[in-house]
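Just work_12.tsv here, TSV, N, CA and C atoms and all ligand atoms:
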```tsv
chain	number	residue	atom	x	y	z
X	163	MET	N	104.72	240.23	242.21
X	163	MET	CA	104.04	239.76	241.01
X	163	MET	C	104.88	240.00	239.76
X	164	THR	N	104.97	239.01	238.91
X	164	THR	CA	105.74	239.15	237.66
X	164	THR	C	104.78	239.27	236.48
X	165	LEU	N	105.35	239.51	235.30
X	165	LEU	CA	104.55	239.69	234.10
X	165	LEU	C	104.75	238.53	233.13
X	166	THR	N	103.73	238.22	232.33
X	166	THR	CA	103.88	237.23	231.27
X	166	THR	C	104.36	237.96	230.02
X	167	ALA	N	104.76	237.19	229.00
X	167	ALA	CA	105.22	237.80	227.75
X	167	ALA	C	104.12	238.67	227.14
X	168	SER	N	102.88	238.23	227.22
X	168	SER	CA	101.83	239.06	226.61
X	168	SER	C	101.57	240.33	227.43
X	169	ASP	N	101.72	240.25	228.75
X	169	ASP	CA	101.65	241.47	229.58
X	169	ASP	C	102.72	242.45	229.11
X	170	ILE	N	103.93	241.92	228.88
X	170	ILE	CA	105.06	242.75	228.46
X	170	ILE	C	104.72	243.45	227.14
X	171	HIS	N	104.18	242.68	226.20
X	171	HIS	CA	103.81	243.27	224.90
X	171	HIS	C	102.77	244.37	225.06
X	172	ARG	N	101.80	244.14	225.90
X	172	ARG	CA	100.76	245.16	226.13
X	172	ARG	C	101.36	246.41	226.76
X	173	LEU	N	102.25	246.19	227.71
X	173	LEU	CA	102.89	247.31	228.41
X	173	LEU	C	103.74	248.13	227.43
X	174	ILE	N	104.44	247.45	226.56
X	174	ILE	CA	105.27	248.14	225.56
X	174	ILE	C	104.38	248.98	224.65
X	175	GLU	N	103.27	248.40	224.19
X	175	GLU	CA	102.37	249.15	223.31
X	175	GLU	C	101.82	250.39	224.01
X	176	ALA	N	101.42	250.21	225.26
X	176	ALA	CA	100.85	251.33	226.01
X	176	ALA	C	101.90	252.44	226.19
X	177	TRP	N	103.11	252.04	226.55
X	177	TRP	CA	104.17	253.04	226.78
X	177	TRP	C	104.63	253.70	225.49
X	178	ALA	N	104.69	252.93	224.40
X	178	ALA	CA	105.09	253.50	223.11
X	178	ALA	C	104.09	254.59	222.71
X	179	ALA	N	102.80	254.31	222.92
X	179	ALA	CA	101.76	255.29	222.57
X	179	ALA	C	101.90	256.52	223.46
X	180	ARG	N	102.14	256.29	224.73
X	180	ARG	CA	102.25	257.39	225.68
X	180	ARG	C	103.45	258.29	225.36
X	181	LEU	N	104.56	257.67	224.99
X	181	LEU	CA	105.78	258.44	224.71
X	181	LEU	C	105.80	258.96	223.27
X	182	GLY	N	104.88	258.45	222.45
X	182	GLY	CA	104.85	258.88	221.05
X	182	GLY	C	106.02	258.33	220.25
X	183	VAL	N	106.41	257.09	220.54
X	183	VAL	CA	107.49	256.45	219.78
X	183	VAL	C	106.94	255.22	219.06
X	184	GLN	N	107.66	254.82	218.02
X	184	GLN	CA	107.24	253.71	217.18
X	184	GLN	C	108.11	252.49	217.45
X	185	VAL	N	107.48	251.39	217.88
X	185	VAL	CA	108.22	250.14	218.07
X	185	VAL	C	107.92	249.24	216.88
X	186	GLU	N	108.96	248.83	216.18
X	186	GLU	CA	108.78	248.00	214.98
X	186	GLU	C	108.68	246.52	215.33
X	187	ARG	N	109.53	246.11	216.24
X	187	ARG	CA	109.62	244.67	216.53
X	187	ARG	C	109.99	244.48	217.99
X	188	ILE	N	109.38	243.49	218.62
X	188	ILE	CA	109.69	243.18	220.02
X	188	ILE	C	110.24	241.77	220.09
X	189	GLN	N	111.35	241.63	220.77
X	189	GLN	CA	111.96	240.31	220.92
X	189	GLN	C	112.29	240.11	222.39
X	190	ILE	N	111.91	238.97	222.94
X	190	ILE	CA	112.29	238.64	224.32
X	190	ILE	C	113.17	237.39	224.24
X	191	ARG	N	114.42	237.55	224.63
X	191	ARG	CA	115.35	236.42	224.50
X	191	ARG	C	116.44	236.50	225.57
X	192	THR	N	117.26	235.44	225.64
X	192	THR	CA	118.35	235.42	226.61
X	192	THR	C	119.35	236.52	226.26
X	193	MET	N	119.68	237.34	227.25
X	193	MET	CA	120.72	238.36	227.06
X	193	MET	C	121.65	238.23	228.24
X	194	ARG	N	122.94	238.17	227.98
X	194	ARG	CA	123.87	237.90	229.07
X	194	ARG	C	124.10	239.07	230.02
X	195	HIS	N	124.34	240.23	229.46
X	195	HIS	CA	124.79	241.31	230.33
X	195	HIS	C	123.86	242.51	230.37
X	196	LYS	N	122.73	242.39	229.72
X	196	LYS	CA	121.84	243.55	229.65
X	196	LYS	C	120.40	243.14	229.89
X	197	TRP	N	119.61	244.10	230.31
X	197	TRP	CA	118.17	243.86	230.47
X	197	TRP	C	117.45	244.11	229.15
X	198	GLY	N	118.00	244.99	228.35
X	198	GLY	CA	117.34	245.27	227.10
X	198	GLY	C	118.16	246.20	226.24
X	199	SER	N	117.71	246.33	224.98
X	199	SER	CA	118.34	247.29	224.09
X	199	SER	C	117.32	247.66	223.03
X	200	VAL	N	117.55	248.80	222.39
X	200	VAL	CA	116.64	249.23	221.34
X	200	VAL	C	117.47	249.82	220.21
X	201	SER	N	117.09	249.50	218.97
X	201	SER	CA	117.83	250.05	217.83
X	201	SER	C	117.15	251.34	217.39
X	202	THR	N	117.88	252.14	216.62
X	202	THR	CA	117.34	253.44	216.20
X	202	THR	C	116.07	253.29	215.36
X	203	VAL	N	115.89	252.13	214.70
X	203	VAL	CA	114.68	251.95	213.89
X	203	VAL	C	113.52	251.37	214.71
X	204	GLY	N	113.75	251.13	216.01
X	204	GLY	CA	112.65	250.71	216.86
X	204	GLY	C	112.52	249.23	217.11
X	205	ASN	N	113.62	248.50	216.92
X	205	ASN	CA	113.59	247.07	217.29
X	205	ASN	C	114.00	246.94	218.75
X	206	LEU	N	113.04	246.51	219.55
X	206	LEU	CA	113.25	246.42	220.99
X	206	LEU	C	113.56	244.97	221.38
X	207	THR	N	114.67	244.77	222.06
X	207	THR	CA	115.03	243.44	222.55
X	207	THR	C	115.09	243.49	224.06
X	208	LEU	N	114.42	242.54	224.70
X	208	LEU	CA	114.42	242.48	226.16
X	208	LEU	C	114.94	241.12	226.62
X	209	SER	N	115.65	241.13	227.73
X	209	SER	CA	116.13	239.88	228.30
X	209	SER	C	114.95	239.07	228.82
X	210	SER	N	115.00	237.76	228.62
X	210	SER	CA	113.90	236.92	229.14
X	210	SER	C	113.86	236.96	230.67
X	211	ASP	N	114.94	237.40	231.29
X	211	ASP	CA	114.95	237.55	232.75
X	211	ASP	C	113.93	238.58	233.23
X	212	ILE	N	113.47	239.42	232.33
X	212	ILE	CA	112.48	240.44	232.68
X	212	ILE	C	111.20	239.77	233.21
X	213	LEU	N	110.96	238.54	232.77
X	213	LEU	CA	109.77	237.80	233.19
X	213	LEU	C	109.83	237.37	234.65
X	214	THR	N	111.02	237.45	235.25
X	214	THR	CA	111.17	237.05	236.65
X	214	THR	C	111.16	238.26	237.58
X	215	LEU	N	111.10	239.45	237.01
X	215	LEU	CA	111.18	240.66	237.83
X	215	LEU	C	109.83	241.12	238.32
X	216	PRO	N	109.80	241.84	239.45
X	216	PRO	CA	108.55	242.50	239.87
X	216	PRO	C	108.09	243.45	238.75
X	217	CYS	N	106.76	243.58	238.59
X	217	CYS	CA	106.18	244.40	237.50
X	217	CYS	C	106.80	245.77	237.36
X	218	ASP	N	106.99	246.46	238.50
X	218	ASP	CA	107.43	247.85	238.38
X	218	ASP	C	108.86	247.95	237.87
X	219	LEU	N	109.67	246.91	238.12
X	219	LEU	CA	111.04	246.93	237.60
X	219	LEU	C	111.04	246.58	236.11
X	220	ALA	N	110.18	245.66	235.71
X	220	ALA	CA	110.03	245.34	234.29
X	220	ALA	C	109.57	246.59	233.54
X	221	GLU	N	108.64	247.30	234.13
X	221	GLU	CA	108.13	248.53	233.51
X	221	GLU	C	109.25	249.57	233.37
X	222	TYR	N	110.07	249.68	234.41
X	222	TYR	CA	111.19	250.63	234.34
X	222	TYR	C	112.10	250.30	233.14
X	223	ILE	N	112.41	249.02	232.95
X	223	ILE	CA	113.29	248.62	231.84
X	223	ILE	C	112.65	249.00	230.49
X	224	ILE	N	111.36	248.76	230.39
X	224	ILE	CA	110.65	249.08	229.14
X	224	ILE	C	110.68	250.59	228.87
X	225	VAL	N	110.35	251.37	229.87
X	225	VAL	CA	110.33	252.83	229.68
X	225	VAL	C	111.74	253.33	229.40
X	226	HIS	N	112.73	252.80	230.12
X	226	HIS	CA	114.13	253.15	229.90
X	226	HIS	C	114.52	252.97	228.43
X	227	GLU	N	114.22	251.77	227.91
X	227	GLU	CA	114.61	251.48	226.52
X	227	GLU	C	113.82	252.33	225.53
X	228	LEU	N	112.52	252.46	225.73
X	228	LEU	CA	111.72	253.25	224.79
X	228	LEU	C	112.14	254.71	224.79
X	229	MET	N	112.60	255.19	225.94
X	229	MET	CA	113.04	256.58	226.03
X	229	MET	C	114.27	256.82	225.16
X	230	HIS	N	115.00	255.74	224.88
X	230	HIS	CA	116.17	255.87	224.00
X	230	HIS	C	115.77	256.14	222.55
X	231	LEU	N	114.51	255.93	222.22
X	231	LEU	CA	114.06	256.28	220.87
X	231	LEU	C	113.91	257.79	220.74
X	232	LYS	N	113.83	258.47	221.89
X	232	LYS	CA	113.78	259.93	221.90
X	232	LYS	C	115.16	260.52	222.19
X	233	PHE	N	115.90	259.87	223.08
X	233	PHE	CA	117.23	260.33	223.49
X	233	PHE	C	118.19	259.14	223.46
X	234	PRO	N	119.21	259.17	222.60
X	234	PRO	CA	120.08	258.00	222.46
X	234	PRO	C	120.96	257.71	223.69
X	235	ASN	N	121.28	258.71	224.49
X	235	ASN	CA	122.16	258.48	225.65
X	235	ASN	C	121.39	258.69	226.95
X	236	HIS	N	122.13	258.72	228.08
X	236	HIS	CA	121.46	258.94	229.38
X	236	HIS	C	121.70	260.36	229.87
X	237	HIS	N	121.89	261.29	228.97
X	237	HIS	CA	122.15	262.67	229.37
X	237	HIS	C	120.88	263.33	229.89
X	238	ARG	N	121.00	264.62	230.08
X	238	ARG	CA	119.96	265.37	230.76
X	238	ARG	C	118.55	265.21	230.17
X	239	GLY	N	118.45	265.27	228.86
X	239	GLY	CA	117.13	265.16	228.22
X	239	GLY	C	116.44	263.85	228.57
X	240	TRP	N	117.21	262.79	228.53
X	240	TRP	CA	116.68	261.47	228.86
X	240	TRP	C	116.23	261.44	230.32
X	241	GLN	N	117.09	261.95	231.21
X	241	GLN	CA	116.78	261.93	232.64
X	241	GLN	C	115.55	262.76	232.99
X	242	VAL	N	115.47	263.95	232.38
X	242	VAL	CA	114.33	264.83	232.66
X	242	VAL	C	113.03	264.16	232.20
X	243	SER	N	113.08	263.56	231.00
X	243	SER	CA	111.88	262.88	230.48
X	243	SER	C	111.51	261.68	231.33
X	244	MET	N	112.51	260.92	231.78
X	244	MET	CA	112.23	259.79	232.65
X	244	MET	C	111.49	260.28	233.90
X	245	GLY	N	111.97	261.37	234.46
X	245	GLY	CA	111.35	261.94	235.65
X	245	GLY	C	109.91	262.39	235.41
X	246	MET	N	109.65	262.85	234.19
X	246	MET	CA	108.30	263.31	233.88
X	246	MET	C	107.32	262.15	233.77
X	247	TYR	N	107.80	261.05	233.18
X	247	TYR	CA	106.89	259.93	232.93
X	247	TYR	C	106.89	258.89	234.04
X	248	LEU	N	108.04	258.77	234.73
X	248	LEU	CA	108.18	257.74	235.76
X	248	LEU	C	108.94	258.39	236.92
X	249	SER	N	108.21	259.10	237.77
X	249	SER	CA	108.86	259.97	238.75
X	249	SER	C	109.81	259.21	239.69
X	250	ASP	N	109.56	257.94	239.94
X	250	ASP	CA	110.43	257.18	240.85
X	250	ASP	C	111.41	256.29	240.11
X	251	TRP	N	111.79	256.67	238.89
X	251	TRP	CA	112.67	255.80	238.09
X	251	TRP	C	114.02	255.54	238.75
X	252	ARG	N	114.55	256.54	239.47
X	252	ARG	CA	115.87	256.35	240.09
X	252	ARG	C	115.81	255.28	241.18
X	253	GLU	N	114.73	255.30	241.91
X	253	GLU	CA	114.54	254.32	242.98
X	253	GLU	C	114.39	252.92	242.36
X	254	ARG	N	113.65	252.82	241.24
X	254	ARG	CA	113.49	251.52	240.57
X	254	ARG	C	114.83	251.03	240.03
X	255	GLU	N	115.61	251.97	239.47
X	255	GLU	CA	116.92	251.60	238.93
X	255	GLU	C	117.83	251.06	240.04
X	256	GLN	N	117.78	251.71	241.21
X	256	GLN	CA	118.58	251.25	242.34
X	256	GLN	C	118.21	249.84	242.75
X	257	ARG	N	116.90	249.58	242.83
X	257	ARG	CA	116.44	248.24	243.23
X	257	ARG	C	116.87	247.19	242.23
X	258	LEU	N	116.84	247.58	240.95
X	258	LEU	CA	117.25	246.66	239.89
X	258	LEU	C	118.73	246.33	240.02
X	259	LYS	N	119.55	247.35	240.27
X	259	LYS	CA	120.99	247.15	240.42
X	259	LYS	C	121.30	246.26	241.63
X	260	GLN	N	120.54	246.49	242.68
X	260	GLN	CA	120.72	245.72	243.91
X	260	GLN	C	120.40	244.24	243.66
X	261	LEU	N	119.29	244.02	242.97
X	261	LEU	CA	118.85	242.67	242.65
X	261	LEU	C	119.90	241.95	241.80
X	262	GLN	N	120.45	242.69	240.85
X	262	GLN	CA	121.47	242.16	239.96
X	262	GLN	C	122.73	241.78	240.74
X	263	ALA	N	123.13	242.66	241.65
X	263	ALA	CA	124.32	242.42	242.46
X	263	ALA	C	124.13	241.17	243.32
X	264	GLU	N	122.94	241.02	243.88
X	264	GLU	CA	122.65	239.86	244.72
X	264	GLU	C	122.73	238.58	243.90
X	265	GLU	N	122.21	238.62	242.67
X	265	GLU	CA	122.24	237.44	241.82
X	265	GLU	C	123.65	237.07	241.42
X	266	GLU	N	124.46	238.10	241.15
X	266	GLU	CA	125.84	237.83	240.78
X	266	GLU	C	126.61	237.20	241.93
X	267	THR	N	126.32	237.64	243.14
X	267	THR	CA	126.96	237.07	244.33
X	267	THR	C	126.55	235.61	244.47
X	268	LEU	N	125.29	235.33	244.27
X	268	LEU	CA	124.78	233.96	244.36
X	268	LEU	C	125.45	233.07	243.31
X	269	ALA	N	125.50	233.59	242.08
X	269	ALA	CA	126.08	232.83	240.97
X	269	ALA	C	127.55	232.54	241.24
X	270	ALA	N	128.27	233.52	241.77
X	270	ALA	CA	129.70	233.33	242.07
X	270	ALA	C	129.87	232.29	243.16
X	271	GLY	N	128.98	232.32	244.16
X	271	GLY	CA	129.05	231.41	245.28
X	271	GLY	C	128.77	229.97	244.90
X	272	SER	N	128.04	229.77	243.81
X	272	SER	CA	127.63	228.41	243.45
X	272	SER	C	128.73	227.69	242.67
X	273	LYS	N	129.76	228.41	242.25
X	273	LYS	CA	130.84	227.75	241.51
X	273	LYS	C	131.68	226.90	242.45
X	274	PRO	N	131.92	225.62	242.16
X	274	PRO	CA	132.70	224.78	243.05
X	274	PRO	C	134.13	225.31	243.21
X	275	ASP	N	134.56	225.45	244.44
X	275	ASP	CA	135.91	225.92	244.76
X	275	ASP	C	136.27	227.24	244.10
X	276	GLY	N	135.28	227.98	243.71
X	276	GLY	CA	135.55	229.28	243.11
X	276	GLY	C	136.21	229.19	241.74
X	277	GLN	N	136.18	228.00	241.13
X	277	GLN	CA	136.79	227.85	239.79
X	277	GLN	C	135.82	228.37	238.73
X	278	GLN	N	136.39	228.78	237.62
X	278	GLN	CA	135.57	229.24	236.49
X	278	GLN	C	134.95	228.03	235.79
X	301	ZN	ZN	119.98	253.09	228.62
```
Represent the supplied structure as structure tokens.
Ligand SMILES: [Zn+2]
Amino acid sequence: MTLTASDIHRLIEAWAARLGVQVERIQIRTMRHKWGSVSTVGNLTLSSDILTLPCDLAEYIIVHELMHLKFPNHHRGWQVSMGMYLSDWREREQRLKQLQAEEETLAAGSKPDGQQ
């Protein structure tokens, strides 16, 4: 099951409240190499590809980005907090990476004669 844009907005609001962070603006748009990003002032941008993902992976991306409002990098503080709020985040991250790798293989295979 995937999420609609309004589901995504609701999920972001719920998670922002839970984590005690402030989201100023939400944008869902085409992003080439990332699932999402967040600025220090709370502008959250998500790839429109998030709408094609299973709910739990979309949720992982949202929590991942919102957690950056508390911890700017992926160091210990960020990891410990992820574990507290989303105990299976590592497993979700793995599935996301796997899905991405599969898509990249498909995209590469579709190029005629392997040309760019
Ligand atoms: Zn990150």
| query | Using only N, CA and C atoms and all ligand atoms, which of the listed residues (X:Gln262, X:Tyr247, X:Glu227, X:Thr267) sits closest to ligand ZN 301 (chain X)? | reply |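 When distances to ligand ZN 301 (chain X) are compared using only N, CA and C atoms and all ligand atoms, the smallest one comes from X:Glu227.
The residues sitting within 6.5 Å of ligand ZN 301 (chain X), with only N, CA and C atoms and all ligand atoms considered, come out as X:His226, X:Glu227, X:Asn235, X:His236.
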| request: May I ask which of the residues X:Arg187, X:Gln260, X:Met229, X:Trp197 is the closest one to Met244 (chain X), counting only N, CA and C atoms? | output: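 Smallest separation from Met244 (chain X) among the options: X:Met229.
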| request: Determine which residues of region 184-250 of chain X receive a DSSP assignment of strand (DSSP E), computed from the backbone, and state them as a list in words. | output: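 Those in region 184-250 of chain X that DSSP calls strand (DSSP E) are Arg187, Ile188, Gln189, Ile190, Arg191, Gly198, Ser199, Val200, Asn205, Leu206, Thr207, Leu208 and Ser209 of chain X.
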| field | Nearest to Gln184 (chain X) by atom-to-atom distance, counting only C-alpha atoms, from X:Glu264, X:Lys196, X:Ser168, X:His230 | value |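 Once distances to Gln184 (chain X) are computed over only C-alpha atoms, the minimum belongs to X:His230.
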| task | Within 8 Å of Leu231 (chain X), counting only N, CA and C atoms, which residues show up once you throw out same-chain ones fewer than 6 positions away? Write them as a PyMOL selection string, please. | result | chain X and resi 182-184+200-204
| field | Coordinates-based distance that separates CA of Leu165 (chain X) from CA of Leu213 (chain X) (Å, one decimal) | value | 5.6 Å
| task | Enumerate, as an MDAnalysis selection string, the complete set of residues in chain X that a backbone-based DSSP assignment places in helix (DSSP H, G or I). | result | chainID X and resid 167:181 210:214 217:229 238:247 251:271 274:276
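Atom N of Ser249 (chain X) is found 28.1 Å from CA of Thr192 (chain X).
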